[in-house]
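Trainee: This structure is in structure tokens; I'll ask about it shortly.
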Amino acid sequence: MVNGKVRIKNPTGLHLRRAGLFCKTAMQFGSKITIHKKTKNEDVTANAKSVLSVLGACIKSGDEITIVCVGTDEEAALKELVQLVEDGLGE
């Protein structure tokens with residue numbers, strides 16, 4: 001298991017198009033990949049391979065998320081997803 005924290009930079013957060021890109025990238029890996037976001041009231045966990053799950057997490061600009069990868073290609077998955085977010089998810 002590996003994990004990494006990253007802050008969402010895009011002004012619109014993980015809206016439909018960006019969530020779709022994130023999930024499409026996550027689906028390229030065999031590892032189980034989840035996103036965790038802490039708020040003052042609760043901890044939210046989303047399946048990174050499900051657009052509905054990611055959208056349901058309501059990840060906004062400035063939010064810090066933790067990407068957790070478990071599996072044979074976990075290191076590569078984490079590296080690519082963190083880089084994708086740091087690059088602004090294509091925006």
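Every chain in the structure tokens has a letter given in the order shown (A, B, ...), and although residue numbers restart at 1 in each chain, ligands are simply numbered from 1 in the order shown.
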Tell me which protein, DNA and RNA residues are within 8 Å of stretch 38-51 of chain A, counting only C-alpha atoms, leaving out same-chain ones fewer than 5 positions away, and put them as a VMD selection string.
Mentor: chain A and resid 16 19 to 20 22 to 24 26 to 27 33 56 to 57 64 to 65
Trainee: Would you put the residues from that selection into a file with N, CA and C atoms, as a PDB file, in the first residue's frame?
Mentor:
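Saved result, again_20.pdb, follows:
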```pdb
ATOM      1  N   LEU A  16     -17.280  17.136 -13.506  1.00  0.00           N
ATOM      2  CA  LEU A  16     -17.499  15.950 -14.331  1.00  0.00           C
ATOM      3  C   LEU A  16     -16.362  15.650 -15.303  1.00  0.00           C
ATOM      4  N   ALA A  19     -13.174  14.776 -13.284  1.00  0.00           N
ATOM      5  CA  ALA A  19     -13.366  13.499 -12.586  1.00  0.00           C
ATOM      6  C   ALA A  19     -13.288  12.347 -13.580  1.00  0.00           C
ATOM      7  N   GLY A  20     -13.850  12.554 -14.766  1.00  0.00           N
ATOM      8  CA  GLY A  20     -13.788  11.530 -15.806  1.00  0.00           C
ATOM      9  C   GLY A  20     -12.361  11.235 -16.224  1.00  0.00           C
ATOM     10  N   PHE A  22      -9.657  11.764 -14.395  1.00  0.00           N
ATOM     11  CA  PHE A  22      -8.996  11.126 -13.253  1.00  0.00           C
ATOM     12  C   PHE A  22      -9.354   9.635 -13.210  1.00  0.00           C
ATOM     13  N   CYS A  23     -10.634   9.319 -13.353  1.00  0.00           N
ATOM     14  CA  CYS A  23     -11.091   7.921 -13.285  1.00  0.00           C
ATOM     15  C   CYS A  23     -10.565   7.106 -14.461  1.00  0.00           C
ATOM     16  N   LYS A  24     -10.555   7.701 -15.644  1.00  0.00           N
ATOM     17  CA  LYS A  24     -10.040   7.006 -16.823  1.00  0.00           C
ATOM     18  C   LYS A  24      -8.569   6.636 -16.622  1.00  0.00           C
ATOM     19  N   ALA A  26      -7.103   6.238 -13.645  1.00  0.00           N
ATOM     20  CA  ALA A  26      -7.059   5.229 -12.582  1.00  0.00           C
ATOM     21  C   ALA A  26      -7.410   3.840 -13.105  1.00  0.00           C
ATOM     22  N   MET A  27      -8.327   3.770 -14.064  1.00  0.00           N
ATOM     23  CA  MET A  27      -8.756   2.472 -14.604  1.00  0.00           C
ATOM     24  C   MET A  27      -7.671   1.771 -15.411  1.00  0.00           C
ATOM     25  N   ILE A  33      -7.680   1.654  -6.081  1.00  0.00           N
ATOM     26  CA  ILE A  33      -7.298   3.045  -5.857  1.00  0.00           C
ATOM     27  C   ILE A  33      -8.478   3.781  -5.225  1.00  0.00           C
ATOM     28  N   GLY A  56     -19.382  12.279  -6.010  1.00  0.00           N
ATOM     29  CA  GLY A  56     -20.071  12.268  -4.721  1.00  0.00           C
ATOM     30  C   GLY A  56     -19.204  12.752  -3.574  1.00  0.00           C
ATOM     31  N   ALA A  57     -17.885  12.713  -3.758  1.00  0.00           N
ATOM     32  CA  ALA A  57     -16.968  13.185  -2.716  1.00  0.00           C
ATOM     33  C   ALA A  57     -16.917  14.711  -2.648  1.00  0.00           C
ATOM     34  N   GLU A  64      -7.416  19.185   0.001  1.00  0.00           N
ATOM     35  CA  GLU A  64      -6.301  18.244   0.005  1.00  0.00           C
ATOM     36  C   GLU A  64      -6.877  16.841   0.040  1.00  0.00           C
ATOM     37  N   ILE A  65      -6.435  16.013  -0.906  1.00  0.00           N
ATOM     38  CA  ILE A  65      -6.900  14.630  -0.948  1.00  0.00           C
ATOM     39  C   ILE A  65      -5.712  13.697  -0.765  1.00  0.00           C
TER      40      ILE A  65
END
```
Trainee: For A:Thr12, work out the shell of residues within 12 Å, counting only C-alpha atoms and skipping chain neighbours fewer than 3 positions away, then give it as a ChimeraX atom specification.
Mentor: /A:8-9,15-19,58-63,88-89,91
Trainee: Keeping N, CA and C atoms, export the residues of the selection given above as a JSON list (two decimals), in the first residue's frame.
Mentor:
```json
[["chain", "number", "residue", "atom", "x", "y", "z"],
["A", 8, "ILE", "N", -5.89, 20.02, -4.73],
["A", 8, "ILE", "CA", -6.58, 20.28, -6.00],
["A", 8, "ILE", "C", -6.36, 21.75, -6.38],
["A", 9, "LYS", "N", -5.81, 21.97, -7.56],
["A", 9, "LYS", "CA", -5.48, 23.32, -8.01],
["A", 9, "LYS", "C", -6.53, 23.93, -8.92],
["A", 15, "HIS", "N", -14.84, 18.47, -11.15],
["A", 15, "HIS", "CA", -16.16, 18.45, -11.78],
["A", 15, "HIS", "C", -16.19, 17.31, -12.79],
["A", 16, "LEU", "N", -17.28, 17.14, -13.51],
["A", 16, "LEU", "CA", -17.50, 15.95, -14.33],
["A", 16, "LEU", "C", -16.36, 15.65, -15.30],
["A", 17, "ARG", "N", -15.94, 16.61, -16.07],
["A", 17, "ARG", "CA", -14.90, 16.36, -17.07],
["A", 17, "ARG", "C", -13.58, 15.96, -16.40],
["A", 18, "ARG", "N", -13.20, 16.67, -15.35],
["A", 18, "ARG", "CA", -11.94, 16.37, -14.65],
["A", 18, "ARG", "C", -12.02, 15.04, -13.89],
["A", 19, "ALA", "N", -13.17, 14.78, -13.28],
["A", 19, "ALA", "CA", -13.37, 13.50, -12.59],
["A", 19, "ALA", "C", -13.29, 12.35, -13.58],
["A", 58, "CYS", "N", -17.47, 15.39, -3.64],
["A", 58, "CYS", "CA", -17.53, 16.86, -3.68],
["A", 58, "CYS", "C", -16.17, 17.50, -3.43],
["A", 59, "ILE", "N", -15.19, 17.13, -4.24],
["A", 59, "ILE", "CA", -13.83, 17.64, -4.09],
["A", 59, "ILE", "C", -13.73, 18.97, -4.82],
["A", 60, "LYS", "N", -13.42, 20.00, -4.07],
["A", 60, "LYS", "CA", -13.39, 21.37, -4.59],
["A", 60, "LYS", "C", -11.97, 21.90, -4.69],
["A", 61, "SER", "N", -11.84, 23.02, -5.33],
["A", 61, "SER", "CA", -10.54, 23.67, -5.45],
["A", 61, "SER", "C", -9.97, 23.97, -4.07],
["A", 62, "GLY", "N", -8.71, 23.65, -3.87],
["A", 62, "GLY", "CA", -8.05, 23.89, -2.59],
["A", 62, "GLY", "C", -8.13, 22.72, -1.63],
["A", 63, "ASP", "N", -8.99, 21.74, -1.90],
["A", 63, "ASP", "CA", -9.10, 20.58, -1.03],
["A", 63, "ASP", "C", -7.84, 19.73, -1.13],
["A", 88, "GLY", "N", -2.90, 19.97, -12.92],
["A", 88, "GLY", "CA", -4.18, 20.66, -13.09],
["A", 88, "GLY", "C", -5.25, 19.87, -13.81],
["A", 89, "LEU", "N", -5.06, 18.56, -13.94],
["A", 89, "LEU", "CA", -6.05, 17.69, -14.57],
["A", 89, "LEU", "C", -6.44, 18.16, -15.96],
["A", 91, "GLU", "N", -6.43, 21.16, -17.25],
["A", 91, "GLU", "CA", -6.97, 22.53, -17.40],
["A", 91, "GLU", "C", -5.83, 23.51, -17.58]]
```
Trainee: Considering only C-alpha atoms, can you say which of A:Ser53, A:Asn10, A:Thr72, A:Gln83 comes closest to A:Lys32?
Mentor: A:Thr72
Trainee: Please return, as number ranges by chain, all residues of chain A that DSSP assigns to strand (DSSP E or B) on the basis of the backbone.
Mentor: A: 2-7, 32-38, 43-47, 64-70
Trainee: I need the chosen residues saved as a PDB file, in the first residue's frame, with C-alpha atoms.
Mentor:
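And here's part.pdb as it stands now:
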```pdb
ATOM      1  CA  VAL A   2       1.238   3.461  -0.936  1.00  0.00           C
ATOM      2  CA  ASN A   3      -0.396   6.845  -0.553  1.00  0.00           C
ATOM      3  CA  GLY A   4       0.247  10.453  -1.377  1.00  0.00           C
ATOM      4  CA  LYS A   5      -1.340  13.782  -0.525  1.00  0.00           C
ATOM      5  CA  VAL A   6      -2.043  16.379  -3.162  1.00  0.00           C
ATOM      6  CA  ARG A   7      -3.997  19.647  -3.274  1.00  0.00           C
ATOM      7  CA  LYS A  32      -7.351  -0.760  -6.008  1.00  0.00           C
ATOM      8  CA  ILE A  33      -7.298   3.045  -5.857  1.00  0.00           C
ATOM      9  CA  THR A  34      -9.251   5.205  -3.435  1.00  0.00           C
ATOM     10  CA  ILE A  35      -9.411   8.915  -2.670  1.00  0.00           C
ATOM     11  CA  HIS A  36      -9.733  10.144   0.909  1.00  0.00           C
ATOM     12  CA  LYS A  37     -10.769  13.649   1.886  1.00  0.00           C
ATOM     13  CA  LYS A  38     -11.053  14.878   5.451  1.00  0.00           C
ATOM     14  CA  ASP A  43     -13.969  11.579   6.335  1.00  0.00           C
ATOM     15  CA  VAL A  44     -15.007  10.913   2.742  1.00  0.00           C
ATOM     16  CA  THR A  45     -13.720   7.938   0.759  1.00  0.00           C
ATOM     17  CA  ALA A  46     -14.286   7.508  -2.983  1.00  0.00           C
ATOM     18  CA  ASN A  47     -13.489   4.752  -5.454  1.00  0.00           C
ATOM     19  CA  GLU A  64      -6.301  18.244   0.005  1.00  0.00           C
ATOM     20  CA  ILE A  65      -6.900  14.630  -0.948  1.00  0.00           C
ATOM     21  CA  THR A  66      -5.008  11.457  -0.193  1.00  0.00           C
ATOM     22  CA  ILE A  67      -4.708   8.949  -3.019  1.00  0.00           C
ATOM     23  CA  VAL A  68      -4.276   5.380  -1.744  1.00  0.00           C
ATOM     24  CA  CYS A  69      -3.151   2.591  -4.085  1.00  0.00           C
ATOM     25  CA  VAL A  70      -2.999  -1.118  -3.230  1.00  0.00           C
TER      26      VAL A  70
END
```
Trainee: Tell me, in Å to one decimal, how far atom CA of A:Gln28 is from atom CA of A:Val82.
Mentor: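 For atom CA of A:Gln28 relative to atom CA of A:Val82, the distance reads 14.5 Å.
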Trainee: Select, from A:Gly71, A:Lys79, A:Gly90, A:Leu84, the residue with the minimum atom-to-atom distance to A:Gly30, counting only C-alpha atoms.
Mentor: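 When distances to A:Gly30 are compared using only C-alpha atoms, the smallest one comes from A:Gly71.
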Trainee: Quick one: pick out all helix (DSSP H, G or I) residues within stretch 4-80 of chain A from a backbone DSSP run and write them as a ChimeraX atom specification.
Mentor: /A:16-26,51-56,74-80
